>>> print(open('target00.txt').read())   # compact mmCIF, C-alpha atoms
# COMPACT_ATOMS: atom_id res chain seq x y z
CA MET A 22 -118.35 58.56 -44.79
CA SER A 23 -121.51 57.58 -46.62
CA HIS A 24 -124.69 59.44 -47.52
CA ARG A 25 -128.13 57.83 -47.19
CA LEU A 26 -130.54 58.44 -50.05
CA GLN A 27 -133.86 56.60 -49.81
CA GLY A 28 -132.46 53.32 -48.55
CA THR A 29 -129.33 53.58 -50.67
CA VAL A 30 -125.88 54.49 -49.50
CA VAL A 31 -123.19 56.02 -51.63
CA LEU A 32 -120.08 53.95 -51.03
CA GLY A 33 -117.76 55.94 -53.27
CA ILE A 34 -117.54 58.47 -56.06
CA GLY A 35 -114.89 59.08 -58.70
CA THR A 36 -114.36 61.38 -61.63
CA ASP A 37 -111.79 61.81 -64.38
CA VAL A 38 -111.19 64.04 -67.36
CA LEU A 39 -109.10 63.11 -70.37
CA SER A 40 -107.99 64.93 -73.49
CA VAL A 41 -109.43 63.38 -76.66
CA GLN A 42 -106.20 64.25 -78.45
CA ARG A 43 -104.21 62.33 -75.83
CA MET A 44 -106.37 59.29 -76.51
CA ARG A 45 -106.05 59.82 -80.27
CA SER A 46 -102.27 59.52 -79.93
CA CYS A 47 -102.67 56.31 -77.90
CA ILE A 48 -105.07 54.30 -80.03
CA ASP A 49 -102.75 54.22 -83.03
CA SER A 50 -101.06 51.41 -81.09
CA PRO A 51 -102.97 48.10 -81.46
CA ALA A 52 -101.13 46.83 -78.34
CA PHE A 53 -102.55 49.74 -76.32
CA VAL A 54 -106.08 49.11 -77.56
CA ASN A 55 -105.87 45.38 -76.83
CA ASN A 56 -104.44 45.89 -73.33
CA THR A 57 -106.89 48.61 -72.35
CA PHE A 58 -110.26 47.82 -73.86
CA THR A 59 -112.38 44.68 -73.90
CA GLU A 60 -113.63 43.13 -77.14
CA ALA A 61 -117.06 44.64 -76.57
CA GLU A 62 -115.58 48.10 -76.01
CA VAL A 63 -113.46 47.83 -79.15
CA GLU A 64 -116.46 46.67 -81.15
CA MET A 65 -118.32 49.80 -80.08
CA GLY A 66 -115.28 52.05 -80.49
CA VAL A 67 -114.55 51.12 -84.09
CA SER A 68 -118.19 51.59 -85.05
CA ARG A 69 -118.13 55.27 -83.98
CA GLY A 70 -117.52 58.20 -86.25
CA ASP A 71 -114.71 59.36 -83.97
CA PRO A 72 -113.29 56.33 -82.13
CA ALA A 73 -110.84 58.52 -80.16
CA ALA A 74 -113.68 60.46 -78.52
CA TYR A 75 -115.46 57.23 -77.65
CA TYR A 76 -112.33 55.57 -76.24
CA ALA A 77 -111.49 58.74 -74.28
CA LYS A 78 -114.93 58.64 -72.65
CA VAL A 79 -114.58 54.96 -71.79
CA PHE A 80 -111.04 55.41 -70.44
CA ALA A 81 -112.15 58.37 -68.30
CA GLY A 82 -115.00 56.18 -67.08
CA LYS A 83 -112.62 53.38 -66.12
CA GLU A 84 -110.47 55.82 -64.16
CA ALA A 85 -113.57 57.17 -62.43
CA VAL A 86 -114.64 53.64 -61.46
CA PHE A 87 -111.39 52.62 -59.80
CA LYS A 88 -111.23 55.96 -58.02
CA CYS A 89 -114.61 55.02 -56.51
CA PHE A 90 -112.84 52.16 -54.80
CA GLY A 91 -110.18 54.50 -53.44
CA MET A 92 -107.57 52.93 -55.70
CA GLU A 93 -104.77 54.49 -57.70
CA ALA A 94 -104.24 53.39 -61.30
CA ASP A 95 -101.08 51.54 -60.36
CA ALA A 96 -103.07 49.16 -58.14
CA LEU A 97 -105.24 48.07 -61.03
CA ARG A 98 -104.13 44.69 -62.42
CA SER A 99 -105.75 45.15 -65.79
CA TRP A 100 -107.77 47.92 -67.39
CA THR A 101 -110.01 45.25 -68.87
CA GLU A 102 -111.25 44.39 -65.36
CA ILE A 103 -113.59 47.33 -65.90
CA GLU A 104 -115.83 47.12 -68.94
CA ILE A 105 -118.10 49.97 -69.95
CA VAL A 106 -120.63 49.28 -72.68
CA ASP A 107 -123.89 50.71 -73.90
CA GLY A 108 -126.76 49.34 -71.88
CA GLY A 109 -129.44 50.44 -74.31
CA GLN A 110 -131.20 53.80 -74.52
CA GLY A 111 -127.79 55.46 -74.58
CA GLN A 112 -127.08 54.64 -70.94
CA PRO A 113 -123.64 53.13 -70.30
CA VAL A 114 -123.30 50.22 -67.89
CA VAL A 115 -120.28 48.98 -65.95
CA ARG A 116 -119.23 45.35 -65.64
CA LEU A 117 -116.46 44.41 -63.23
CA ARG A 118 -114.16 41.43 -63.43
CA GLY A 119 -111.29 39.91 -61.44
CA GLN A 120 -110.05 41.75 -58.34
CA LEU A 121 -112.48 44.64 -58.77
CA GLU A 122 -115.46 42.30 -58.96
CA ALA A 123 -114.23 40.59 -55.77
CA LEU A 124 -113.68 43.95 -54.09
CA ALA A 125 -117.18 45.12 -55.03
CA GLU A 126 -118.62 41.95 -53.57
CA ALA A 127 -116.62 42.36 -50.36
CA ARG A 128 -117.83 45.94 -49.98
CA GLU A 129 -121.41 44.93 -50.75
CA VAL A 130 -121.65 47.20 -53.77
CA ARG A 131 -125.09 46.89 -55.31
CA GLU A 132 -124.52 48.99 -58.39
CA VAL A 133 -121.84 50.98 -60.19
CA LEU A 134 -123.47 54.01 -61.75
CA ILE A 135 -121.65 55.87 -64.48
CA SER A 136 -122.10 58.96 -66.59
CA LEU A 137 -119.86 59.80 -69.55
CA SER A 138 -119.67 62.86 -71.74
CA TYR A 139 -117.37 64.69 -74.11
CA ASP A 140 -117.03 67.88 -76.08
CA THR A 141 -114.57 68.53 -78.87
CA ASP A 142 -111.39 68.35 -76.80
CA TYR A 143 -112.16 66.60 -73.53
CA ALA A 144 -114.02 63.56 -72.24
CA VAL A 145 -115.25 63.14 -68.69
CA GLY A 146 -116.38 60.18 -66.62
CA PHE A 147 -118.22 60.25 -63.32
CA ALA A 148 -118.93 57.07 -61.37
CA MET A 149 -120.68 56.20 -58.13
CA LEU A 150 -120.81 53.01 -56.06
CA THR A 151 -124.07 52.37 -54.30
CA GLY A 152 -125.07 49.86 -51.66
CA GLU A 153 -128.08 49.14 -49.51
CA ALA A 154 -128.47 51.20 -46.35
CA GLY A 155 -127.43 49.12 -43.38
CA HIS A 156 -125.06 46.95 -45.45
CA GLY A 157 -121.39 47.74 -45.78
CA ASP A 158 -121.76 51.34 -44.60
CA MET B 29 -72.56 45.37 -80.68
CA ALA B 30 -75.12 47.23 -78.57
CA SER B 31 -75.60 46.10 -74.98
CA VAL B 32 -78.97 44.82 -73.72
CA ARG B 33 -79.34 48.07 -71.79
CA ASP B 34 -78.77 50.09 -74.97
CA GLN B 35 -81.31 48.01 -76.90
CA ILE B 36 -83.91 48.34 -74.15
CA GLY B 37 -83.17 52.05 -73.89
CA GLU B 38 -83.71 52.50 -77.62
CA VAL B 39 -87.10 50.75 -77.47
CA LEU B 40 -88.14 52.87 -74.46
CA TYR B 41 -86.97 56.14 -76.00
CA ASN B 42 -88.82 55.40 -79.24
CA ALA B 43 -91.99 54.40 -77.38
CA VAL B 44 -91.87 57.57 -75.26
CA SER B 45 -91.08 59.73 -78.28
CA VAL B 46 -94.14 58.50 -80.19
CA ALA B 47 -96.46 58.48 -77.15
CA MET B 48 -95.49 61.97 -75.98
CA ASN B 49 -94.81 63.48 -79.42
CA LYS B 50 -91.26 64.46 -78.44
CA PRO B 51 -88.17 63.95 -80.58
CA VAL B 52 -85.83 61.28 -79.24
CA ALA B 53 -83.10 63.93 -79.22
CA ASP B 54 -85.04 65.82 -76.54
CA LEU B 55 -85.06 62.82 -74.22
CA ALA B 56 -82.41 61.82 -71.68
CA ASP B 57 -82.06 59.25 -68.92
CA SER B 58 -82.80 62.04 -66.46
CA THR B 59 -86.10 62.97 -68.18
CA GLN B 60 -89.10 62.41 -65.93
CA LEU B 61 -92.13 60.95 -67.69
CA VAL B 62 -94.76 62.65 -65.56
CA ALA B 63 -93.04 65.79 -64.25
CA ASP B 64 -91.20 66.74 -67.46
CA LEU B 65 -93.34 65.27 -70.24
CA GLY B 66 -96.77 65.48 -68.60
CA ALA B 67 -97.58 61.80 -69.11
CA LYS B 68 -100.93 60.60 -67.80
CA SER B 69 -102.05 57.05 -67.22
CA ALA B 70 -103.24 56.59 -70.83
CA ASN B 71 -99.75 57.52 -72.07
CA LEU B 72 -98.09 55.17 -69.58
CA VAL B 73 -100.34 52.30 -70.67
CA ARG B 74 -99.47 53.00 -74.31
CA ILE B 75 -95.74 53.05 -73.59
CA ILE B 76 -95.95 49.84 -71.56
CA SER B 77 -98.01 48.13 -74.26
CA VAL B 78 -95.43 48.92 -76.95
CA ILE B 79 -92.55 47.79 -74.73
CA GLU B 80 -94.30 44.52 -73.89
CA ASP B 81 -94.97 43.96 -77.57
CA GLU B 82 -91.46 44.74 -78.77
CA LEU B 83 -89.41 43.25 -75.93
CA GLU B 84 -91.76 40.39 -75.09
CA LEU B 85 -91.72 41.34 -71.42
CA ASP B 86 -94.55 41.27 -68.90
CA VAL B 87 -94.31 44.81 -67.50
CA SER B 88 -96.11 45.69 -64.26
CA TYR B 89 -97.93 49.04 -64.50
CA GLN B 90 -97.34 49.46 -60.77
CA GLU B 91 -93.59 48.90 -60.99
CA PHE B 92 -93.27 50.97 -64.17
CA SER B 93 -95.16 53.97 -62.82
CA ARG B 94 -93.09 54.01 -59.62
CA ARG B 95 -89.96 54.81 -61.66
CA LYS B 96 -89.76 58.53 -62.32
CA THR B 97 -86.95 58.93 -64.87
CA LEU B 98 -86.30 57.11 -68.14
CA GLY B 99 -83.03 55.88 -66.65
CA ASP B 100 -84.88 54.35 -63.68
CA ILE B 101 -87.31 52.69 -66.07
CA ILE B 102 -84.49 51.26 -68.18
CA ASP B 103 -82.91 49.81 -65.02
CA TYR B 104 -86.24 48.17 -64.15
CA LEU B 105 -86.66 46.75 -67.67
CA VAL B 106 -83.11 45.38 -67.69
CA GLU B 107 -83.79 43.66 -64.34
CA LEU B 108 -87.02 42.26 -65.76
CA ASP B 109 -85.23 41.01 -68.87
CA GLU B 110 -82.60 39.25 -66.76
CA SER B 111 -85.08 37.61 -64.38
>>> encode(input="target00.txt", output="structure tokens")
Amino acid sequence: MSHRLQGTVVLGIGTDVLSVQRMRSCIDSPAFVNNTFTEAEVEMGVSRGDPAAYYAKVFAGKEAVFKCFGMEADALRSWTEIEIVDGGQGQPVVRLRGQLEALAEAREVREVLISLSYDTDYAVGFAMLTGEAGHGD
Amino acid sequence: MASVRDQIGEVLYNAVSVAMNKPVADLADSTQLVADLGAKSANLVRIISVIEDELELDVSYQEFSRRKTLGDIIDYLVELDES
């Protein structure tokens, strides 16, 4: 089912919440960081006052994005196929690679919108796939 | 001399212990990563990353996450090591 909004259709939505503490206990492993985050994400993560909170937001965002496609985490070939970086003015942007990029193209996804937030203990990501009305809906 | 299964099991137990903040003594082959320890995808990725690093194996997230108990996971890793 899709919803038309001024010539745009919503092709999928996804959300995820993640404990910052859970991420804190993960990023002490360099192997985890390298397998999960792109170079650009790591560059931004290490520059933050609290890298764990930043990485938790990005990880929640990645989970939200693949949920938009109706996928489970175990179908994802690599977490680095989803990159979430600052797009300027504090707005994060999503870049897809590999199978997800191909899937987005096949489904005629025009844009992947994302919103990330966190408070002391939890980070949340919400993502939405949009397409043009009349295409792929 | 420890068997390959024992060595792989030790690496897995240590990786799970650190990732889930549980003493190795509290873990058993029947322990379920998700149902008993509350592992989420971030924890699974961390455990897999450490195993890949230490055992030099290419572990599939999909195959790993399908195995529920530590014993099942060890069986999968032993198969992977032998292939």
>>> atom_distance(input="target00.txt", atom1="CA of Asp86 (chain B)", atom2="CA of Ser99 (chain A)")
12.3 Å
>>> interface_residues(input="target00.txt", of="chain A", to="chain B", cutoff="7 Å", atoms="only C-alpha atoms", output="list in words")
Ser46, Cys47, Ala52, Phe53, Asn56, Asp95 and Ala96 of chain A
>>> closest_residue(input="target00.txt", among="B:Thr59, B:Arg95, B:Pro51, B:Leu85", to="Glu110 (chain B)", atoms="all atoms listed in the file")
B:Leu85
>>> atom_distance(input="target00.txt", atom1="CA of Gln35 (chain B)", atom2="CA of Phe58 (chain A)")
29.1 Å
>>> atom_distance(input="target00.txt", atom1="CA of Lys88 (chain A)", atom2="CA of Asp64 (chain B)")
24.6 Å
>>> residues_around(input="target00.txt", residues="Asp109 (chain B)", least_positions_apart="5", cutoff="10 Å", atoms="all atoms listed in the file", output="number ranges by chain")
B: 32-33, 36, 83-87, 103-104
>>> residues_around(input="target00.txt", residues="region 97-101 of chain B", least_positions_apart="5", cutoff="10 Å", atoms="all atoms listed in the file", output="PyMOL selection string")
chain B and resi 36-37+40-41+44+55-64+91-92+106-107
>>> residues_around(input="target00.txt", residues="Glu64 (chain A)", least_positions_apart="6", cutoff="12 Å", atoms="all atoms listed in the file", output="PyMOL selection string")
chain A and resi 54-55+58+72+75-76+105-107
>>> residues_near_point(input="target00.txt", point="(-108.0, 63.5, -76.9)", cutoff="7 Å", atoms="only C-alpha atoms", output="list in words")
Leu39, Ser40, Val41, Gln42, Arg43, Met44, Arg45, Ala73, Ala74, Ala77, Asp142 and Tyr143 of chain A
>>> residues_near_point(input="target00.txt", point="(-115.0, 49.9, -62.3)", cutoff="12 Å", atoms="all atoms listed in the file", output="number ranges by chain")
A: 33-36, 79-92, 94, 97, 99-106, 114-125, 130, 132-135, 146-150
